[in-house]
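Q: Here it is, the structure, as structure tokens.
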Amino acid sequence: MLPLGGGGIRKPWGKSNQDFPCCWGTLSESFAKLADSIYFRSPDNSVVYINQFVSSYVVWTEKSITIQQSAGFPDSTSYTTIINVKGNGNFTKSTFSIKIRVPFWAITNQNTISVNGVPIEPWKIQPGNYLEIYRNWVNGDQIHVYYPMTFWSSPIQDGRPEWFNTMAFMYGPLVLAGITNDQFFQPKGNSTEPNLFFTRTSATALTFKALGKINGIGDYQYVDFIPLFSVMLENYTVYFHTGPLSTVNYSPQGALVPSTRILDIMANYPATLALGPRDAGCTGNNIRSGDPEQTTTVVFAHPIDGQGHNITSITFQYRYIAGYTPQVGQIKKASTLSFVVLKSDLQTPISTLYTSPPLGKYSYDNFTQYSPIYEIQLDNLNIPNQDPVFLSFRFVDNQRNLQIPIDDKWSGFNINVKWS
């Protein structure tokens with residue numbers, strides 16, 4: 001399966017001689033079948049349909065012609081496809097219709113189709129329909145088609161209000177992938193109008209950049225994008241949370257860091273947000289730490305702004321279950337969890353405040369219950385908080401891994417911060 005959720009994810013390439021899932025065979029079959037839908041013809045041989053814009057040709061025996069495409073799609077900035085009619089044998093002319101698909105994404109008012117240089121009236125070119133050209137066709141007739149591609153937003157299909165600002169960005173029909181580990185991106189402009197902040201950076205290559213604030217803080221900066229189909233080994237993000245992050249501001253009484261929702265947590269691949277067992281404390285949303293031998297980080301998506309005060313105390317809690325349970329007689333080194341304060345770049349650690357013992361007693365594979373709650377109190381701290389900082393979990397998986405429930409029925413991770 002192709003992962004789309006989370007930040008800094010990777011395509012799960014495998015090896016051809018092992019771990020070969022059935023969907024790979026289906027994928028190979030699908031590519032082999034693409035050609036059967038480039039062209040259709042009507043049963044009475046009065047119409048040929050051009051559905052896909054692919055360099056190719058089809059021989060229409062009943063009409064003694066060959067229809068050939070030279071496609072510029074998706075790279076070209078001057079034409080989508082050029083269609084040539086070529087007579088075969090004793091062909092002189094023939095009357096029939098060519099119906100050319102006008103894709104739903106061809107939404108600009110600059111679509112152009114011309115026959116032998118004579119333009120079709122623009123009002124006839126309607127997205128989501130076919131444009132019909134009925135005429136006497138002769139050898140050498142040519143149709144020039146150009147649907148300029150534009151940027152648009154595709155919101156995630158989720159009716160819950162907290163997901164309203166979560167969306168992918170498109171270029172024509174192409175899903176764009178941000179080459180970044182971050183999933184919180186606040187564009188410079190309305191997120192539903194990506195033409196305001198997206199730019200194509202090459203006239204020949206499908207490369208793009210978008211201007212916005214990473215994780216909603218700091219200065220505006222560019223993020224590179226490429227089509228999802230072009231991603232090979234890069235870390236990428238498809239669905240971005242585009243709303244502003246809510247900041248936890250200094251209060252003399254201390255403050256609670258929100259941690260009950262998926263959107264409160266940034267999981268950077270190979271850590272992911274996954275479903276796990278439900279119980280009295282959680283509805284099943286879990287943090288999955290990755291796989292054995294990996295070291296991963298998840299960040300709580302709320303900047304901590306002490307407004308010049310130093311952090312003096314933090315309390316939090318967590319539960320766990322551990323995967324890759326050893327067989328009877330087998331020994332595996334269990335995973336650990338650390339609580340780390342990060343700078344606003346989400347990369348640079350300021351301080352590691354806590355590291356758990358090895359967490360392996362409560363099994364995911366033979367689940368009966370989550371572990372009891374670990375309640376952690378960290379006092380006598382002196383962490384400068386003039387600039388925003390973030391709180392995070394760092395996992396060292398060793399020979400196992402962890403799933404940490406997001407206890408949304410209770411109080412999440414119950415993270416409380418106090419300042420001087």
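So you can find residues: chains in the structure tokens are A, B, ... in the order shown, residues in each start at 1, and ligands are numbered from 1 in order.
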What lies within 6 Å of segment 143-155 of chain A using only C-alpha atoms, ignoring chain neighbours under 3 positions off, as a list in words?
A: Tyr79, Thr80, Thr81, Ile82, Ile83, Ala106, Asn111, Thr112, Ile113, Ser114, Val115, Thr166, Met167, Ala168, Phe169, Met170, Tyr171, Gly172, Thr192, Pro194 and Asn195 of chain A
Q: Take the selection from the previous step and output its residues with N, CA and C atoms, as a compact mmCIF listing (two decimals), in the first residue's frame.
A:
```
# COMPACT_ATOMS: atom_id res chain seq x y z
N TYR A 79 1.55 22.23 -24.89
CA TYR A 79 0.52 21.38 -25.49
C TYR A 79 0.31 20.14 -24.62
N THR A 80 -0.93 19.65 -24.65
CA THR A 80 -1.26 18.41 -23.94
C THR A 80 -1.08 17.21 -24.84
N THR A 81 -1.60 17.32 -26.05
CA THR A 81 -1.37 16.27 -27.05
C THR A 81 -1.61 16.84 -28.44
N ILE A 82 -0.97 16.24 -29.42
CA ILE A 82 -1.19 16.56 -30.83
C ILE A 82 -1.68 15.28 -31.50
N ILE A 83 -2.85 15.35 -32.14
CA ILE A 83 -3.51 14.19 -32.72
C ILE A 83 -3.43 14.31 -34.24
N ALA A 106 -9.23 20.59 -15.98
CA ALA A 106 -8.93 21.63 -16.99
C ALA A 106 -9.84 22.82 -16.73
N ASN A 111 -8.03 26.93 -21.99
CA ASN A 111 -8.01 25.69 -22.75
C ASN A 111 -8.16 25.99 -24.24
N THR A 112 -7.37 25.33 -25.05
CA THR A 112 -7.45 25.55 -26.49
C THR A 112 -7.42 24.22 -27.22
N ILE A 113 -8.26 24.10 -28.23
CA ILE A 113 -8.25 22.97 -29.16
C ILE A 113 -8.42 23.57 -30.55
N SER A 114 -7.57 23.15 -31.46
CA SER A 114 -7.67 23.65 -32.84
C SER A 114 -7.54 22.49 -33.81
N VAL A 115 -8.17 22.65 -34.98
CA VAL A 115 -8.09 21.66 -36.06
C VAL A 115 -7.42 22.34 -37.24
N THR A 166 -6.87 20.15 6.64
CA THR A 166 -5.92 19.12 6.20
C THR A 166 -6.16 18.83 4.73
N MET A 167 -5.13 18.97 3.91
CA MET A 167 -5.33 18.83 2.47
C MET A 167 -4.05 18.46 1.75
N ALA A 168 -4.25 17.88 0.57
CA ALA A 168 -3.16 17.63 -0.36
C ALA A 168 -3.21 18.71 -1.44
N PHE A 169 -2.09 18.88 -2.13
CA PHE A 169 -2.01 19.88 -3.20
C PHE A 169 -1.81 19.16 -4.53
N MET A 170 -2.49 19.68 -5.54
CA MET A 170 -2.53 19.05 -6.86
C MET A 170 -2.01 20.01 -7.92
N TYR A 171 -1.49 19.43 -9.00
CA TYR A 171 -1.13 20.18 -10.20
C TYR A 171 -1.80 19.45 -11.36
N GLY A 172 -2.91 20.03 -11.85
CA GLY A 172 -3.71 19.26 -12.78
C GLY A 172 -4.20 18.00 -12.08
N THR A 192 -6.67 27.10 0.27
CA THR A 192 -7.54 26.61 -0.80
C THR A 192 -7.25 27.28 -2.14
N PRO A 194 -3.90 27.51 -3.89
CA PRO A 194 -2.45 27.28 -3.96
C PRO A 194 -1.73 28.03 -5.07
N ASN A 195 -2.48 28.56 -6.04
CA ASN A 195 -1.80 29.40 -7.04
C ASN A 195 -1.14 30.62 -6.40
```
Q: What's around Pro372 of chain A at 9 Å? Count only C-alpha atoms, leave out sequence neighbours fewer than 3 positions away in its own chain, and write the answer as JSON, numbers by chain.
A: {"A": [318, 319, 320, 369]}
Q: Out of A:Pro357, A:Tyr362, A:Phe395, A:Ala71, which residue has the shortest atom-to-atom distance to Phe339 of chain A when counting only C-alpha atoms?
A: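 Going through A:Pro357, A:Tyr362, A:Phe395, A:Ala71 one by one, the smallest distance to Phe339 of chain A is for A:Phe395.
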Q: What's the 7 Å shell around Gly254 of chain A, counting only C-alpha atoms, without same-chain residues fewer than 4 positions away, as an NGL selection string?
A: :A and (250 or 416-419)
Q: Please produce a file of the residues just selected, as a short mmCIF file (atom, residue, chain, number, x, y, z; two decimals), in the first residue's frame, where the atoms kept are N, CA and C atoms.
A:
```cif
data_model
loop_
_atom_site.label_atom_id
_atom_site.label_comp_id
_atom_site.auth_asym_id
_atom_site.auth_seq_id
_atom_site.Cartn_x
_atom_site.Cartn_y
_atom_site.Cartn_z
N TYR A 250 2.83 31.05 28.41
CA TYR A 250 3.15 31.16 29.84
C TYR A 250 1.93 31.54 30.67
N ASN A 416 1.76 18.71 31.73
CA ASN A 416 1.64 19.99 32.40
C ASN A 416 3.01 20.65 32.51
N VAL A 417 3.06 21.92 32.19
CA VAL A 417 4.31 22.68 32.21
C VAL A 417 4.18 23.84 33.20
N LYS A 418 5.23 24.03 33.99
CA LYS A 418 5.27 25.19 34.89
C LYS A 418 6.57 25.96 34.64
N TRP A 419 6.48 27.27 34.90
CA TRP A 419 7.60 28.16 34.65
C TRP A 419 8.02 28.87 35.97
#
```
Q: Quick one: residues within 7 Å of Pro388 of chain A, only C-alpha atoms counted, chain neighbours fewer than 6 positions away excluded, as a VMD selection string?
A: chain A and resid 303 to 305 344
Q: Would you kindly return, as a PyMOL selection string, each protein, DNA or RNA residue with an atom no farther than 10 Å from any atom of Lys86 of chain A, considering only C-alpha atoms and excluding same-chain residues fewer than 5 positions away?
A: chain A and resi 59+64-68+91-92+137-142
Q: Find the distance between atom CA of Ile321 of chain A and atom CA of Gly14 of chain A and write it in Å to one decimal.
A: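 Here the two named atoms are 27.2 Å from each other.
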Q: Show me a table, sorted first by chain and then by increasing residue number, of the residues of segment 228-334 of chain A having an atom at most 12 Å from segment 158-164 of chain A, each with its shortest atom pair and the distance in Å to one decimal, counting only C-alpha atoms and written as a Markdown table.
A:
```
| residue | atom | partner | partner_atom | distance |
| --- | --- | --- | --- | --- |
| A:Tyr239 | CA | A:Trp163 | CA | 10.6 |
| A:Phe240 | CA | A:Trp163 | CA | 10.1 |
| A:His241 | CA | A:Trp163 | CA | 7.8 |
| A:Thr242 | CA | A:Phe164 | CA | 9.1 |
| A:Gly243 | CA | A:Phe164 | CA | 8.7 |
| A:Pro244 | CA | A:Glu162 | CA | 11.7 |
| A:Leu245 | CA | A:Glu162 | CA | 11.8 |
| A:Arg261 | CA | A:Glu162 | CA | 9.1 |
| A:Ile262 | CA | A:Glu162 | CA | 9.6 |
| A:Leu263 | CA | A:Glu162 | CA | 7.6 |
| A:Asp264 | CA | A:Glu162 | CA | 10.3 |
```
Q: Restricting the output to C-alpha atoms, write the selected residues as a PDB file, in the first residue's frame.
A:
```pdb
ATOM      1  CA  TYR A 239      -1.484  15.570   3.439  1.00  0.00           C
ATOM      2  CA  PHE A 240      -0.579  18.775   5.250  1.00  0.00           C
ATOM      3  CA  HIS A 241      -2.243  20.389   8.229  1.00  0.00           C
ATOM      4  CA  THR A 242      -2.448  23.983   7.012  1.00  0.00           C
ATOM      5  CA  GLY A 243      -4.058  25.711   9.980  1.00  0.00           C
ATOM      6  CA  PRO A 244      -2.000  27.549  12.601  1.00  0.00           C
ATOM      7  CA  LEU A 245      -0.603  25.616  15.544  1.00  0.00           C
ATOM      8  CA  ARG A 261      -6.083  14.170  19.384  1.00  0.00           C
ATOM      9  CA  ILE A 262      -4.119  12.859  16.448  1.00  0.00           C
ATOM     10  CA  LEU A 263      -3.645  16.473  15.365  1.00  0.00           C
ATOM     11  CA  ASP A 264      -1.828  17.178  18.636  1.00  0.00           C
TER      12      ASP A 264
END
```
Q: As JSON, numbers by chain, please: every residue in segment 192-279 of chain A that DSSP puts in strand (DSSP E).
A: {"A": [198, 199, 200, 208, 209, 210, 211, 212, 213, 214, 221, 222, 223, 224, 225, 226, 227, 240, 241, 248, 249, 255, 256, 257, 265, 266, 267, 272, 273, 274, 275]}
Q: Go ahead and compute the interatomic distance for atom CA of Leu233 of chain A and atom CA of Pro12 of chain A, in Å to one decimal.
A: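 According to the coordinates, atom CA of Leu233 of chain A and atom CA of Pro12 of chain A are separated by 9.2 Å.
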Q: Expressed in Å to a single decimal, how great is the separation between atom CA of Lys124 of chain A and atom CA of Leu174 of chain A?
A: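 If I compute the distance from atom CA of Lys124 of chain A to atom CA of Leu174 of chain A, I get 24.7 Å.
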Q: Just the residues within 9 Å of segment 44-51 of chain A, please, counting only C-alpha atoms, with nothing from its chain fewer than 6 positions along; format it as a short mmCIF file (atom, residue, chain, number, x, y, z; two decimals) with C-alpha atoms, in the first residue's frame.
A:
```
data_model
loop_
_atom_site.label_atom_id
_atom_site.label_comp_id
_atom_site.auth_asym_id
_atom_site.auth_seq_id
_atom_site.Cartn_x
_atom_site.Cartn_y
_atom_site.Cartn_z
CA SER A 37 -8.42 2.64 -22.37
CA ILE A 38 -6.50 5.20 -24.41
CA TRP A 60 -9.14 1.94 -37.13
CA GLU A 62 -13.17 -0.04 -40.54
CA LYS A 63 -12.23 3.52 -41.50
CA THR A 95 -16.92 11.38 -42.09
CA PHE A 96 -16.98 10.57 -38.38
CA SER A 97 -16.61 12.18 -34.94
CA ILE A 98 -13.54 12.42 -32.77
CA LYS A 99 -14.49 13.00 -29.15
CA ILE A 100 -11.68 14.31 -26.99
CA ARG A 101 -11.92 14.11 -23.23
CA VAL A 102 -11.87 17.43 -21.39
CA TYR A 130 -16.00 15.29 -24.25
CA GLU A 132 -16.96 16.38 -30.27
CA TYR A 134 -17.56 15.99 -36.51
#
```
Q: Restricting the calculation to only C-alpha atoms: of A:Gly89, A:Gly276, A:Pro384, A:Gly7, which residue gets closest to Lys343 of chain A?
A: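 Smallest separation from Lys343 of chain A among the options: A:Pro384.
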